[in-house]
Amino acid sequence: MTIDPTYVAVVGVAFVVAGVVKGAAGMGLPPTAIALMTLALPLPEALALMTVPTLATNLWQAVYGGHFRAMLRRFWLMGVLMAAGVLVSARALKSLGSPTSAGWLGVLLVLFAILALTAWRPHVAARHEPWANPLCGAASGLVGGITGIAAVPFLPYMQSLEIRKDELVQALGILFVVFTGALTLALWDVGALHKGNLASSALATLPTMAGVWLGQKLRLAISPEAFRRVFLVVLLGLGLHMAKGLL
């Protein structure tokens, strides 16, 4: 089998950079890796390669922290509807990985970056969670079944809740594992994920974890807030580049 050096370089750099972002900012692994890879790879291939590293980096986040049972009780319905939304929209609309979905992914990245840069923080009281959690889960899943990422409305909503930081980190880990599991099934169903790129996705875990380690070191050297802003500006630029496909 011939190995394309350009392919290896693009994938390796994308996952190292995404890992650095994850390690330094504690978030941003999937959108960073996908946005960088789509500069040189088709979106379906980028989404497929993202599955195993995302699961690997979020499994530990999901189970470690001491709040697993409490967060599972609080967000289980949200997770179920998120997974169902991914599978329904991916099967019904059949646009996951299409050029149009790449454009909408760019729009989502732009919205996410703008919301984060403006530090807009809506507030959802705990009494509204019984209906707001499943609604957000379903909406995020439906969007994710088209674009391949769970960014909007999922992340702004989670940050709007009355929840401690350590609980939020663990809840995000649980829900990202659920989302990525459903996305993996959807990608397999549409033929974007197969044995060949599944092996490549597993190998991509190595540069990702190396990047996470570097990012954690970097977090000690620079201001996390300064790094977060640089990351969001870069993500905004990548999103604008991808959104041009809708014009």
# chains A, B, ... in the order shown; residues from 1 in each chain; ligands from 1
>>> residues_around(residues="Leu175 of chain A", least_positions_apart="5", cutoff="12 Å", atoms="only C-alpha atoms", output="PyMOL selection string")
chain A and resi 54-55+58-59+61-63+68+71-72+74-83+133+136-137+140-141+150-151+154-155+158+168-170+180-182
>>> write_last_selection(atoms="N, CA, C and O atoms", output="short mmCIF file (atom, residue, chain, number, x, y, z; two decimals), in the first residue's frame")
data_model
loop_
_atom_site.label_atom_id
_atom_site.label_comp_id
_atom_site.auth_asym_id
_atom_site.auth_seq_id
_atom_site.Cartn_x
_atom_site.Cartn_y
_atom_site.Cartn_z
N THR A 54 -11.32 11.52 19.28
CA THR A 54 -12.33 12.20 20.10
C THR A 54 -12.83 11.29 21.21
O THR A 54 -12.96 11.71 22.37
N LEU A 55 -13.12 10.05 20.88
CA LEU A 55 -13.54 9.09 21.91
C LEU A 55 -12.46 8.90 22.95
O LEU A 55 -12.73 8.89 24.15
N ASN A 58 -12.07 11.88 25.36
CA ASN A 58 -13.25 12.21 26.17
C ASN A 58 -13.67 11.10 27.13
O ASN A 58 -14.39 11.37 28.09
N LEU A 59 -13.26 9.86 26.87
CA LEU A 59 -13.64 8.76 27.76
C LEU A 59 -13.13 9.00 29.18
O LEU A 59 -13.86 8.86 30.16
N GLN A 61 -12.20 11.85 30.49
CA GLN A 61 -12.88 13.04 30.99
C GLN A 61 -14.28 12.68 31.49
O GLN A 61 -14.77 13.27 32.45
N ALA A 62 -14.91 11.69 30.85
CA ALA A 62 -16.27 11.30 31.23
C ALA A 62 -16.30 10.55 32.55
O ALA A 62 -17.21 10.76 33.36
N VAL A 63 -15.34 9.65 32.78
CA VAL A 63 -15.43 8.77 33.95
C VAL A 63 -14.67 9.30 35.15
O VAL A 63 -14.94 8.90 36.29
N PHE A 68 -19.64 11.22 37.95
CA PHE A 68 -20.17 10.49 36.80
C PHE A 68 -21.65 10.14 36.98
O PHE A 68 -22.48 10.43 36.10
N MET A 71 -23.91 13.33 36.99
CA MET A 71 -24.04 13.95 35.66
C MET A 71 -24.83 13.05 34.72
O MET A 71 -25.57 13.54 33.86
N LEU A 72 -24.69 11.74 34.87
CA LEU A 72 -25.46 10.82 34.03
C LEU A 72 -26.94 10.94 34.34
O LEU A 72 -27.78 10.96 33.42
N ARG A 74 -28.42 13.54 35.50
CA ARG A 74 -28.87 14.89 35.12
C ARG A 74 -29.02 15.04 33.61
O ARG A 74 -29.92 15.75 33.14
N PHE A 75 -28.17 14.36 32.84
CA PHE A 75 -28.13 14.61 31.40
C PHE A 75 -28.39 13.39 30.53
O PHE A 75 -28.18 13.45 29.32
N TRP A 76 -28.88 12.28 31.10
CA TRP A 76 -29.04 11.07 30.31
C TRP A 76 -30.05 11.26 29.16
O TRP A 76 -29.81 10.81 28.03
N LEU A 77 -31.16 11.96 29.43
CA LEU A 77 -32.16 12.17 28.39
C LEU A 77 -31.61 13.07 27.29
O LEU A 77 -31.88 12.86 26.10
N MET A 78 -30.83 14.06 27.69
CA MET A 78 -30.19 14.93 26.71
C MET A 78 -29.28 14.13 25.79
O MET A 78 -29.27 14.32 24.57
N GLY A 79 -28.52 13.20 26.36
CA GLY A 79 -27.62 12.36 25.58
C GLY A 79 -28.37 11.44 24.63
O GLY A 79 -27.98 11.27 23.47
N VAL A 80 -29.47 10.85 25.11
CA VAL A 80 -30.26 9.95 24.27
C VAL A 80 -30.83 10.70 23.07
O VAL A 80 -30.75 10.23 21.92
N LEU A 81 -31.40 11.88 23.31
CA LEU A 81 -31.99 12.65 22.21
C LEU A 81 -30.92 13.22 21.29
O LEU A 81 -31.16 13.38 20.08
N MET A 82 -29.75 13.53 21.82
CA MET A 82 -28.65 13.99 20.98
C MET A 82 -28.24 12.88 20.01
O MET A 82 -28.09 13.12 18.80
N ALA A 83 -28.07 11.66 20.53
CA ALA A 83 -27.70 10.53 19.67
C ALA A 83 -28.78 10.25 18.64
O ALA A 83 -28.49 10.03 17.46
N ASN A 133 -33.00 20.67 28.67
CA ASN A 133 -31.95 19.68 28.38
C ASN A 133 -32.30 18.81 27.17
O ASN A 133 -31.51 18.69 26.23
N CYS A 136 -32.32 20.92 23.88
CA CYS A 136 -30.97 21.22 23.39
C CYS A 136 -30.31 19.97 22.84
O CYS A 136 -29.61 20.03 21.81
N GLY A 137 -30.50 18.82 23.50
CA GLY A 137 -29.92 17.58 23.01
C GLY A 137 -30.42 17.22 21.63
O GLY A 137 -29.63 16.88 20.73
N SER A 140 -29.07 19.83 19.04
CA SER A 140 -27.64 19.64 18.79
C SER A 140 -27.39 18.39 17.96
O SER A 140 -26.51 18.36 17.09
N GLY A 141 -28.17 17.33 18.24
CA GLY A 141 -28.02 16.11 17.46
C GLY A 141 -28.43 16.29 16.01
O GLY A 141 -27.74 15.82 15.10
N ALA A 150 -20.69 18.98 17.43
CA ALA A 150 -21.67 19.46 18.40
C ALA A 150 -21.11 20.73 19.03
O ALA A 150 -20.38 20.68 20.01
N ALA A 151 -21.41 21.85 18.43
CA ALA A 151 -20.88 23.13 18.92
C ALA A 151 -22.02 24.08 19.30
O ALA A 151 -22.07 24.60 20.41
N PHE A 154 -25.13 23.42 21.53
CA PHE A 154 -24.75 22.59 22.66
C PHE A 154 -23.82 23.31 23.65
O PHE A 154 -24.13 23.39 24.85
N LEU A 155 -22.67 23.82 23.18
CA LEU A 155 -21.69 24.39 24.11
C LEU A 155 -22.19 25.66 24.79
O LEU A 155 -22.06 25.79 26.02
N MET A 158 -24.64 24.51 27.53
CA MET A 158 -24.02 23.88 28.69
C MET A 158 -23.35 24.91 29.59
O MET A 158 -23.37 24.79 30.82
N LEU A 168 -19.10 20.46 34.98
CA LEU A 168 -19.28 20.77 33.56
C LEU A 168 -18.29 19.99 32.70
O LEU A 168 -18.67 19.42 31.67
N VAL A 169 -17.04 19.94 33.14
CA VAL A 169 -16.02 19.21 32.38
C VAL A 169 -16.41 17.74 32.24
O VAL A 169 -16.32 17.16 31.15
N GLN A 170 -16.88 17.13 33.33
CA GLN A 170 -17.25 15.72 33.27
C GLN A 170 -18.53 15.51 32.45
O GLN A 170 -18.63 14.55 31.69
N THR A 180 -20.16 11.34 19.78
CA THR A 180 -19.19 10.75 18.87
C THR A 180 -19.56 9.31 18.53
O THR A 180 -19.36 8.86 17.40
N GLY A 181 -20.12 8.58 19.50
CA GLY A 181 -20.58 7.22 19.22
C GLY A 181 -21.66 7.21 18.16
O GLY A 181 -21.63 6.40 17.22
N ALA A 182 -22.64 8.12 18.30
CA ALA A 182 -23.72 8.21 17.30
C ALA A 182 -23.18 8.66 15.95
O ALA A 182 -23.58 8.14 14.90
#
>>> residues_around(residues="Thr147 of chain A", least_positions_apart="6", cutoff="9 Å", atoms="only C-alpha atoms", output="list of chain:residue names")
A:Ser95, A:Leu96, A:Gly97, A:Ser98, A:Ser101, A:Ala102, A:Gly103, A:Trp104, A:Leu105, A:Gly106, A:Leu108
>>> write_last_selection(atoms="C-alpha atoms", output="mmCIF file, in the first residue's frame")
data_model
loop_
_atom_site.group_PDB
_atom_site.id
_atom_site.type_symbol
_atom_site.label_atom_id
_atom_site.label_comp_id
_atom_site.auth_asym_id
_atom_site.auth_seq_id
_atom_site.Cartn_x
_atom_site.Cartn_y
_atom_site.Cartn_z
ATOM 1 C CA SER A 95 -25.987 15.408 3.671
ATOM 2 C CA LEU A 96 -23.381 14.435 6.284
ATOM 3 C CA GLY A 97 -20.005 15.103 4.690
ATOM 4 C CA SER A 98 -21.414 16.804 1.590
ATOM 5 C CA SER A 101 -22.618 20.442 5.026
ATOM 6 C CA ALA A 102 -18.994 21.654 4.919
ATOM 7 C CA GLY A 103 -20.305 25.159 4.332
ATOM 8 C CA TRP A 104 -22.769 24.884 7.205
ATOM 9 C CA LEU A 105 -19.976 23.545 9.385
ATOM 10 C CA GLY A 106 -18.085 26.744 8.600
ATOM 11 C CA LEU A 108 -21.290 26.905 12.934
#
>>> residues_around(residues="Val16 of chain A", least_positions_apart="2", cutoff="8 Å", atoms="only C-alpha atoms", output="ChimeraX atom specification")
/A:12-14,18-20,207-212
>>> residues_around(residues="Gly145 of chain A", least_positions_apart="4", cutoff="6 Å", atoms="only C-alpha atoms", output="number ranges by chain")
A: 86, 89-90
>>> write_last_selection(atoms="all heavy atoms", output="PDB file, in the first residue's frame")
ATOM      1  N   VAL A  86     -28.684  12.864  15.827  1.00  0.00           N
ATOM      2  CA  VAL A  86     -27.600  12.625  14.866  1.00  0.00           C
ATOM      3  C   VAL A  86     -28.014  11.563  13.853  1.00  0.00           C
ATOM      4  O   VAL A  86     -27.893  11.747  12.635  1.00  0.00           O
ATOM      5  CB  VAL A  86     -26.311  12.188  15.589  1.00  0.00           C
ATOM      6  CG1 VAL A  86     -25.275  11.691  14.591  1.00  0.00           C
ATOM      7  CG2 VAL A  86     -25.740  13.333  16.412  1.00  0.00           C
ATOM      8  N   SER A  89     -31.142  12.766  11.521  1.00  0.00           N
ATOM      9  CA  SER A  89     -30.836  13.767  10.495  1.00  0.00           C
ATOM     10  C   SER A  89     -29.829  13.241   9.487  1.00  0.00           C
ATOM     11  O   SER A  89     -29.921  13.542   8.291  1.00  0.00           O
ATOM     12  CB  SER A  89     -30.325  15.067  11.132  1.00  0.00           C
ATOM     13  OG  SER A  89     -29.093  14.869  11.792  1.00  0.00           O
ATOM     14  N   ALA A  90     -28.860  12.429   9.934  1.00  0.00           N
ATOM     15  CA  ALA A  90     -27.889  11.871   8.996  1.00  0.00           C
ATOM     16  C   ALA A  90     -28.562  10.927   8.008  1.00  0.00           C
ATOM     17  O   ALA A  90     -28.259  10.941   6.808  1.00  0.00           O
ATOM     18  CB  ALA A  90     -26.787  11.140   9.754  1.00  0.00           C
TER      19      ALA A  90
END
>>> atom_distance(atom1="atom CA of Val177 of chain A", atom2="atom CA of Thr57 of chain A")
9.2 Å
